[in-house]
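Visitor: What follows is start_37.tsv; its format and atoms are TSV, C-alpha atoms.
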chain	number	residue	atom	x	y	z
A	1	MET	CA	0.00	0.00	0.00
A	2	ALA	CA	1.11	3.55	-0.78
A	3	THR	CA	0.38	6.75	1.10
A	4	ILE	CA	-0.12	10.01	-0.77
A	5	LYS	CA	0.30	13.19	1.27
A	6	PHE	CA	-1.20	16.33	-0.25
A	7	VAL	CA	0.91	19.06	1.34
A	8	LYS	CA	-1.23	22.20	0.72
A	9	GLU	CA	-4.43	20.42	1.71
A	10	GLY	CA	-2.92	18.73	4.77
A	11	GLN	CA	-4.53	15.45	3.76
A	12	GLU	CA	-3.03	11.97	3.57
A	13	ILE	CA	-4.67	9.10	1.74
A	14	VAL	CA	-3.86	5.41	1.27
A	15	ALA	CA	-3.80	3.89	-2.19
A	16	ALA	CA	-3.06	0.50	-3.66
A	17	ASP	CA	0.30	0.12	-5.38
A	18	GLY	CA	-0.04	1.13	-9.04
A	19	ALA	CA	-2.93	3.55	-8.38
A	20	ASN	CA	-3.28	6.56	-10.67
A	21	LEU	CA	-2.41	9.78	-8.82
A	22	ARG	CA	-5.09	11.90	-10.54
A	23	PHE	CA	-7.83	9.35	-9.91
A	24	LYS	CA	-6.97	9.02	-6.21
A	25	ALA	CA	-6.83	12.80	-5.77
A	26	ILE	CA	-10.24	13.36	-7.37
A	27	GLU	CA	-11.72	10.38	-5.55
A	28	ASN	CA	-10.69	12.01	-2.25
A	29	GLY	CA	-11.85	15.54	-3.04
A	30	ILE	CA	-8.42	17.04	-3.78
A	31	ASP	CA	-8.61	19.96	-6.22
A	32	LEU	CA	-5.84	19.53	-8.79
A	33	TYR	CA	-6.94	22.13	-11.29
A	34	THR	CA	-6.63	25.91	-11.57
A	35	PHE	CA	-9.71	27.80	-12.77
A	36	MET	CA	-8.83	27.38	-16.46
A	37	GLY	CA	-7.84	23.76	-15.91
A	38	LYS	CA	-11.29	22.99	-14.56
A	39	MET	CA	-12.81	24.12	-17.84
A	40	THR	CA	-10.23	22.74	-20.25
A	41	ASN	CA	-8.95	19.47	-18.75
A	42	CYS	CA	-8.94	16.37	-20.94
A	43	GLY	CA	-10.29	13.97	-18.32
A	44	GLY	CA	-7.00	12.27	-17.56
A	45	TYR	CA	-5.72	11.32	-21.02
A	46	GLY	CA	-2.48	13.33	-20.90
A	47	GLN	CA	-3.52	15.68	-23.67
A	48	CYS	CA	-3.89	19.04	-21.87
A	49	GLY	CA	-1.22	19.27	-19.18
A	50	THR	CA	-3.54	20.93	-16.63
A	51	CYS	CA	-3.12	18.36	-13.83
A	52	VAL	CA	0.47	19.36	-13.08
A	53	VAL	CA	1.65	18.56	-9.56
A	54	GLU	CA	5.01	18.93	-7.88
A	55	ILE	CA	6.45	15.95	-6.04
A	56	ALA	CA	8.02	17.17	-2.79
A	57	GLU	CA	9.15	13.70	-1.63
A	58	GLY	CA	9.09	10.19	-2.99
A	59	MET	CA	9.68	10.79	-6.71
A	60	HIS	CA	11.32	7.33	-6.87
A	61	ASN	CA	7.97	5.82	-5.77
A	62	LEU	CA	6.21	6.95	-8.95
A	63	SER	CA	6.24	5.40	-12.40
A	64	PRO	CA	8.82	6.94	-14.78
A	65	ARG	CA	7.86	10.05	-16.75
A	66	THR	CA	6.06	9.20	-19.97
A	67	ALA	CA	6.84	10.67	-23.41
A	68	VAL	CA	3.69	12.79	-23.05
A	69	GLU	CA	5.01	14.24	-19.78
A	70	GLU	CA	8.42	14.95	-21.28
A	71	ARG	CA	6.71	16.97	-24.01
A	72	LYS	CA	4.16	18.78	-21.80
A	73	LEU	CA	6.54	19.51	-18.92
A	74	LYS	CA	9.72	20.47	-20.80
A	75	LYS	CA	9.69	24.00	-19.28
A	76	ARG	CA	8.97	22.72	-15.77
A	77	PRO	CA	11.38	21.37	-13.14
A	78	ASP	CA	12.04	17.62	-13.02
A	79	THR	CA	9.98	17.45	-9.81
A	80	CYS	CA	6.78	18.17	-11.74
A	81	ARG	CA	4.53	15.41	-13.04
A	82	LEU	CA	1.14	15.11	-14.73
A	83	ALA	CA	-1.08	13.49	-12.12
A	84	CYS	CA	-2.96	11.58	-14.83
A	85	GLN	CA	0.25	9.87	-15.99
A	86	ALA	CA	1.79	9.05	-12.60
A	87	MET	CA	1.25	5.67	-10.95
A	88	VAL	CA	1.97	5.53	-7.22
A	89	ASN	CA	4.07	2.63	-5.91
A	90	GLY	CA	5.03	3.93	-2.47
A	91	PRO	CA	4.79	6.96	-0.19
A	92	VAL	CA	4.83	10.37	-1.92
A	93	SER	CA	4.24	14.00	-0.93
A	94	VAL	CA	2.44	16.07	-3.56
A	95	ILE	CA	2.06	19.83	-3.98
A	96	THR	CA	-1.03	20.66	-6.05
A	97	LYS	CA	-1.18	23.64	-8.43
A	98	PRO	CA	2.54	24.53	-8.29
A	99	ASP	CA	3.76	27.91	-9.57
A	100	LYS	CA	5.24	27.89	-13.05
A	101	LYS	CA	9.02	28.01	-13.21
A	102	GLY	CA	10.31	31.57	-13.24
A	103	LYS	CA	6.91	33.12	-12.64
A	104	ALA	CA	6.55	35.26	-9.53
A	105	SER	CA	3.76	34.13	-7.27
A	106	ALA	CA	1.23	36.87	-6.60
A	107	LYS	CA	-0.24	35.92	-3.27
A	108	PRO	CA	-2.85	38.22	-1.69
A	109	GLY	CA	-1.16	40.77	0.53
A	110	SER	CA	2.31	40.14	-0.89
A	111	LYS	CA	4.42	43.03	-2.14
A	112	SER	CA	4.80	41.34	-5.52
A	113	ALA	CA	1.07	41.19	-6.24
A	114	SER	CA	1.41	43.96	-8.85
A	115	PRO	CA	3.91	43.86	-11.72
A	116	LEU	CA	4.49	47.64	-11.32
A	117	PRO	CA	7.09	49.05	-8.93
A	118	VAL	CA	5.62	50.75	-5.87
A	119	GLU	CA	6.62	54.23	-7.12
A	120	THR	CA	4.80	53.68	-10.42
A	121	GLN	CA	1.72	52.36	-8.62
A	122	SER	CA	1.60	55.45	-6.40
A	123	LYS	CA	2.01	57.84	-9.33
A	124	SER	CA	-0.65	56.00	-11.34
A	125	ALA	CA	-3.08	56.01	-8.42
A	126	GLY	CA	-2.48	59.73	-7.81
A	127	LYS	CA	-2.95	60.55	-11.49
A	128	LEU	CA	-6.22	58.61	-11.62
A	129	ALA	CA	-7.47	60.35	-8.48
A	130	LYS	CA	-6.70	63.78	-10.01
A	131	GLU	CA	-8.47	62.79	-13.24
A	132	ASP	CA	-11.53	61.61	-11.29
A	133	ALA	CA	-11.61	64.82	-9.27
A	134	ALA	CA	-11.22	66.98	-12.39
A	135	GLY	CA	-14.02	65.09	-14.13
A	136	ALA	CA	-16.32	65.54	-11.14
A	137	GLU	CA	-15.59	69.27	-10.94
A	138	THR	CA	-16.38	69.84	-14.63
A	139	ASN	CA	-19.37	67.48	-14.65
A	140	PRO	CA	-21.51	67.70	-11.45
A	141	GLU	CA	-23.88	65.01	-12.84
A	142	ALA	CA	-21.05	62.50	-12.84
A	143	LEU	CA	-20.48	63.22	-9.14
A	144	GLU	CA	-24.17	62.64	-8.35
A	145	GLN	CA	-24.27	59.38	-10.37
A	146	SER	CA	-21.20	57.95	-8.65
A	147	SER	CA	-22.71	58.48	-5.19
When written as structure tokens, how does the structure in this file appear?

Guide:
Amino acid sequence: MATIKFVKEGQEIVAADGANLRFKAIENGIDLYTFMGKMTNCGGYGQCGTCVVEIAEGMHNLSPRTAVEERKLKKRPDTCRLACQAMVNGPVSVITKPDKKGKASAKPGSKSASPLPVETQSKSAGKLAKEDAAGAETNPEALEQSS
């Protein structure tokens, strides 16, 4: 028997050796897909690449990468797998919905949530506020409608 630990979800499940990682995740209510992936996934046939997971521990307990994975994941680190193509043969730790390589993660409340430098954000916000105020002064109806 193999154990699959889903790190972000804090959930651990038991699976038979040779179980499909995607199937076991879905069977246990683990959300593998981003918003777009939910709408565009291929149903586990290795055609879309939306069920990407990162293997934190136990990569040696999964089946080898398939040719489909090599093609779909060529810009991702070697620790990434397509859940639909990975068969579990021992304990693994999985991170669902990993960030893409080289892409900054924009978490709520983080300083990197906007691609603009702070100075540019401040100037842009100030400019917009002045434009809004100027528009309201010249057009009193716009001020009434916005209230």

Visitor: Give me the residues near A:Arg22 as a list of chain:residue names, where near means some atom within 9 Å (using only C-alpha atoms) and where sequence neighbours in that chain fewer than 5 positions away do not count.

Guide: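 The residues satisfying every condition are A:Glu27, A:Leu32, A:Gly44, A:Cys51, A:Leu82, A:Ala83, A:Cys84, A:Gln85, A:Ala86, A:Met87.
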
Visitor: Excluding same-chain residues fewer than 5 positions from A:Thr79, what lies within 12 Å of it counting only C-alpha atoms, as a ChimeraX atom specification?

Guide: /A:52-60,62,64-65,69-70,73-74,92-95,98,100-101

Visitor: Please report the interatomic distance between atom CA of A:Asn28 and atom CA of A:Ala67 in Å with one decimal.

Guide: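 Atom-to-atom, atom CA of A:Asn28 to atom CA of A:Ala67, that is 27.5 Å.
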
Visitor: Report, in Å to a single decimal, how far apart atom CA of A:Gly29 and atom CA of A:Asp78 are.

Guide: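 One can read the atom CA of A:Asp78 to atom CA of A:Gly29 distance as 26.0 Å.
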
Visitor: What is the distance, in Å and to one decimal place, between atom CA of A:Ala15 and atom CA of A:Ala2?

Guide: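 Those two atoms sit 5.1 Å apart.
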
Visitor: Pick the closest to A:Gln47 from A:Thr96, A:Pro77, A:Ser63, A:Arg71: which is it, counting only C-alpha atoms?

Guide: A:Arg71

Visitor: Considering all atoms listed in the file, can you say which of A:Val14, A:Val7, A:Lys72, A:Ile26 comes closest to A:Cys48?

Guide: A:Lys72

Visitor: Between A:Cys80, A:Lys8, A:Met1, A:Tyr45, which is the closest to A:Phe23 once you count all atoms listed in the file?

Guide: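 Among the listed residues, the smallest separation from A:Phe23 belongs to A:Tyr45.
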
Visitor: May I have the centre and edge lengths, in Å to one decimal, of an axis-aligned box around the listed atoms of stretch 22-34 of chain A with 8 Å added to every side, as JSON?

Guide:
{"center_x": -8.5, "center_y": 17.5, "center_z": -6.9, "size_x": 22.8, "size_y": 32.9, "size_z": 25.3}

Visitor: Quick one: of A:Thr34, A:Asp99, A:Val88, A:Asn41, who's nearest to A:Ala16, counting all atoms listed in the file?

Guide: A:Val88

Visitor: Starting from the incomplete input, reconstruct N, CA, C and O atoms of stretch 42-67 of chain A and report them as a PDB file, in the coordinates of the input.

Guide:
ATOM      1  N   CYS A  42      -8.623  17.421 -19.969  1.00  0.00           N
ATOM      2  CA  CYS A  42      -8.940  16.370 -20.940  1.00  0.00           C
ATOM      3  C   CYS A  42      -9.524  15.116 -20.292  1.00  0.00           C
ATOM      4  O   CYS A  42      -9.789  14.134 -20.985  1.00  0.00           O
ATOM      5  N   GLY A  43      -9.711  15.130 -18.991  1.00  0.00           N
ATOM      6  CA  GLY A  43     -10.290  13.970 -18.320  1.00  0.00           C
ATOM      7  C   GLY A  43      -9.277  12.893 -17.975  1.00  0.00           C
ATOM      8  O   GLY A  43      -9.643  11.758 -17.709  1.00  0.00           O
ATOM      9  N   GLY A  44      -8.007  13.233 -17.975  1.00  0.00           N
ATOM     10  CA  GLY A  44      -7.000  12.270 -17.560  1.00  0.00           C
ATOM     11  C   GLY A  44      -6.324  11.505 -18.666  1.00  0.00           C
ATOM     12  O   GLY A  44      -5.737  10.444 -18.428  1.00  0.00           O
ATOM     13  N   TYR A  45      -6.332  12.031 -19.887  1.00  0.00           N
ATOM     14  CA  TYR A  45      -5.720  11.320 -21.020  1.00  0.00           C
ATOM     15  C   TYR A  45      -4.349  11.856 -21.408  1.00  0.00           C
ATOM     16  O   TYR A  45      -3.793  11.461 -22.424  1.00  0.00           O
ATOM     17  N   GLY A  46      -3.807  12.808 -20.625  1.00  0.00           N
ATOM     18  CA  GLY A  46      -2.480  13.330 -20.900  1.00  0.00           C
ATOM     19  C   GLY A  46      -2.399  14.274 -22.077  1.00  0.00           C
ATOM     20  O   GLY A  46      -1.320  14.514 -22.607  1.00  0.00           O
ATOM     21  N   GLN A  47      -3.506  14.832 -22.494  1.00  0.00           N
ATOM     22  CA  GLN A  47      -3.520  15.680 -23.670  1.00  0.00           C
ATOM     23  C   GLN A  47      -3.421  17.186 -23.375  1.00  0.00           C
ATOM     24  O   GLN A  47      -3.040  17.952 -24.227  1.00  0.00           O
ATOM     25  N   CYS A  48      -3.790  17.599 -22.142  1.00  0.00           N
ATOM     26  CA  CYS A  48      -3.890  19.040 -21.870  1.00  0.00           C
ATOM     27  C   CYS A  48      -2.789  19.590 -20.982  1.00  0.00           C
ATOM     28  O   CYS A  48      -2.427  20.749 -21.099  1.00  0.00           O
ATOM     29  N   GLY A  49      -2.267  18.805 -20.083  1.00  0.00           N
ATOM     30  CA  GLY A  49      -1.220  19.270 -19.180  1.00  0.00           C
ATOM     31  C   GLY A  49      -1.710  20.124 -18.028  1.00  0.00           C
ATOM     32  O   GLY A  49      -0.926  20.816 -17.387  1.00  0.00           O
ATOM     33  N   THR A  50      -2.989  20.078 -17.701  1.00  0.00           N
ATOM     34  CA  THR A  50      -3.540  20.930 -16.630  1.00  0.00           C
ATOM     35  C   THR A  50      -3.485  20.292 -15.245  1.00  0.00           C
ATOM     36  O   THR A  50      -3.724  20.980 -14.262  1.00  0.00           O
ATOM     37  N   CYS A  51      -3.158  19.025 -15.140  1.00  0.00           N
ATOM     38  CA  CYS A  51      -3.120  18.360 -13.830  1.00  0.00           C
ATOM     39  C   CYS A  51      -1.702  18.288 -13.277  1.00  0.00           C
ATOM     40  O   CYS A  51      -1.321  17.328 -12.614  1.00  0.00           O
ATOM     41  N   VAL A  52      -0.920  19.329 -13.530  1.00  0.00           N
ATOM     42  CA  VAL A  52       0.470  19.360 -13.080  1.00  0.00           C
ATOM     43  C   VAL A  52       0.527  19.397 -11.555  1.00  0.00           C
ATOM     44  O   VAL A  52      -0.194  20.158 -10.916  1.00  0.00           O
ATOM     45  N   VAL A  53       1.374  18.563 -10.997  1.00  0.00           N
ATOM     46  CA  VAL A  53       1.650  18.560  -9.560  1.00  0.00           C
ATOM     47  C   VAL A  53       3.162  18.556  -9.382  1.00  0.00           C
ATOM     48  O   VAL A  53       3.910  18.180 -10.286  1.00  0.00           O
ATOM     49  N   GLU A  54       3.590  18.993  -8.208  1.00  0.00           N
ATOM     50  CA  GLU A  54       5.010  18.930  -7.880  1.00  0.00           C
ATOM     51  C   GLU A  54       5.189  17.850  -6.821  1.00  0.00           C
ATOM     52  O   GLU A  54       4.420  17.782  -5.864  1.00  0.00           O
ATOM     53  N   ILE A  55       6.176  17.023  -6.999  1.00  0.00           N
ATOM     54  CA  ILE A  55       6.450  15.950  -6.040  1.00  0.00           C
ATOM     55  C   ILE A  55       7.520  16.452  -5.073  1.00  0.00           C
ATOM     56  O   ILE A  55       8.672  16.674  -5.451  1.00  0.00           O
ATOM     57  N   ALA A  56       7.107  16.659  -3.817  1.00  0.00           N
ATOM     58  CA  ALA A  56       8.020  17.170  -2.790  1.00  0.00           C
ATOM     59  C   ALA A  56       8.933  16.051  -2.268  1.00  0.00           C
ATOM     60  O   ALA A  56      10.110  16.283  -2.000  1.00  0.00           O
ATOM     61  N   GLU A  57       8.381  14.861  -2.115  1.00  0.00           N
ATOM     62  CA  GLU A  57       9.150  13.700  -1.630  1.00  0.00           C
ATOM     63  C   GLU A  57       8.618  12.438  -2.290  1.00  0.00           C
ATOM     64  O   GLU A  57       7.431  12.329  -2.574  1.00  0.00           O
ATOM     65  N   GLY A  58       9.501  11.497  -2.502  1.00  0.00           N
ATOM     66  CA  GLY A  58       9.090  10.190  -2.990  1.00  0.00           C
ATOM     67  C   GLY A  58       8.991  10.049  -4.494  1.00  0.00           C
ATOM     68  O   GLY A  58       8.292   9.168  -4.993  1.00  0.00           O
ATOM     69  N   MET A  59       9.723  10.872  -5.241  1.00  0.00           N
ATOM     70  CA  MET A  59       9.680  10.790  -6.710  1.00  0.00           C
ATOM     71  C   MET A  59      10.019   9.377  -7.186  1.00  0.00           C
ATOM     72  O   MET A  59       9.442   8.883  -8.151  1.00  0.00           O
ATOM     73  N   HIS A  60      10.914   8.694  -6.483  1.00  0.00           N
ATOM     74  CA  HIS A  60      11.320   7.330  -6.870  1.00  0.00           C
ATOM     75  C   HIS A  60      10.176   6.317  -6.677  1.00  0.00           C
ATOM     76  O   HIS A  60      10.254   5.206  -7.181  1.00  0.00           O
ATOM     77  N   ASN A  61       9.116   6.716  -5.976  1.00  0.00           N
ATOM     78  CA  ASN A  61       7.970   5.820  -5.770  1.00  0.00           C
ATOM     79  C   ASN A  61       6.869   6.007  -6.815  1.00  0.00           C
ATOM     80  O   ASN A  61       5.773   5.478  -6.658  1.00  0.00           O
ATOM     81  N   LEU A  62       7.167   6.772  -7.851  1.00  0.00           N
ATOM     82  CA  LEU A  62       6.210   6.950  -8.950  1.00  0.00           C
ATOM     83  C   LEU A  62       6.738   6.259 -10.204  1.00  0.00           C
ATOM     84  O   LEU A  62       7.947   6.028 -10.337  1.00  0.00           O
ATOM     85  N   SER A  63       5.827   5.958 -11.107  1.00  0.00           N
ATOM     86  CA  SER A  63       6.240   5.400 -12.400  1.00  0.00           C
ATOM     87  C   SER A  63       7.117   6.435 -13.113  1.00  0.00           C
ATOM     88  O   SER A  63       7.035   7.632 -12.827  1.00  0.00           O
ATOM     89  N   PRO A  64       7.974   5.981 -14.042  1.00  0.00           N
ATOM     90  CA  PRO A  64       8.820   6.940 -14.780  1.00  0.00           C
ATOM     91  C   PRO A  64       7.981   7.906 -15.608  1.00  0.00           C
ATOM     92  O   PRO A  64       6.845   7.596 -15.984  1.00  0.00           O
ATOM     93  N   ARG A  65       8.548   9.071 -15.886  1.00  0.00           N
ATOM     94  CA  ARG A  65       7.860  10.050 -16.750  1.00  0.00           C
ATOM     95  C   ARG A  65       7.589   9.424 -18.117  1.00  0.00           C
ATOM     96  O   ARG A  65       8.452   8.750 -18.690  1.00  0.00           O
ATOM     97  N   THR A  66       6.419   9.700 -18.647  1.00  0.00           N
ATOM     98  CA  THR A  66       6.060   9.200 -19.970  1.00  0.00           C
ATOM     99  C   THR A  66       6.529  10.192 -21.039  1.00  0.00           C
ATOM    100  O   THR A  66       6.907  11.321 -20.730  1.00  0.00           O
ATOM    101  N   ALA A  67       6.473   9.785 -22.299  1.00  0.00           N
ATOM    102  CA  ALA A  67       6.840  10.670 -23.410  1.00  0.00           C
ATOM    103  C   ALA A  67       5.918  11.891 -23.429  1.00  0.00           C
ATOM    104  O   ALA A  67       6.358  13.005 -23.733  1.00  0.00           O
TER     105      ALA A  67
END
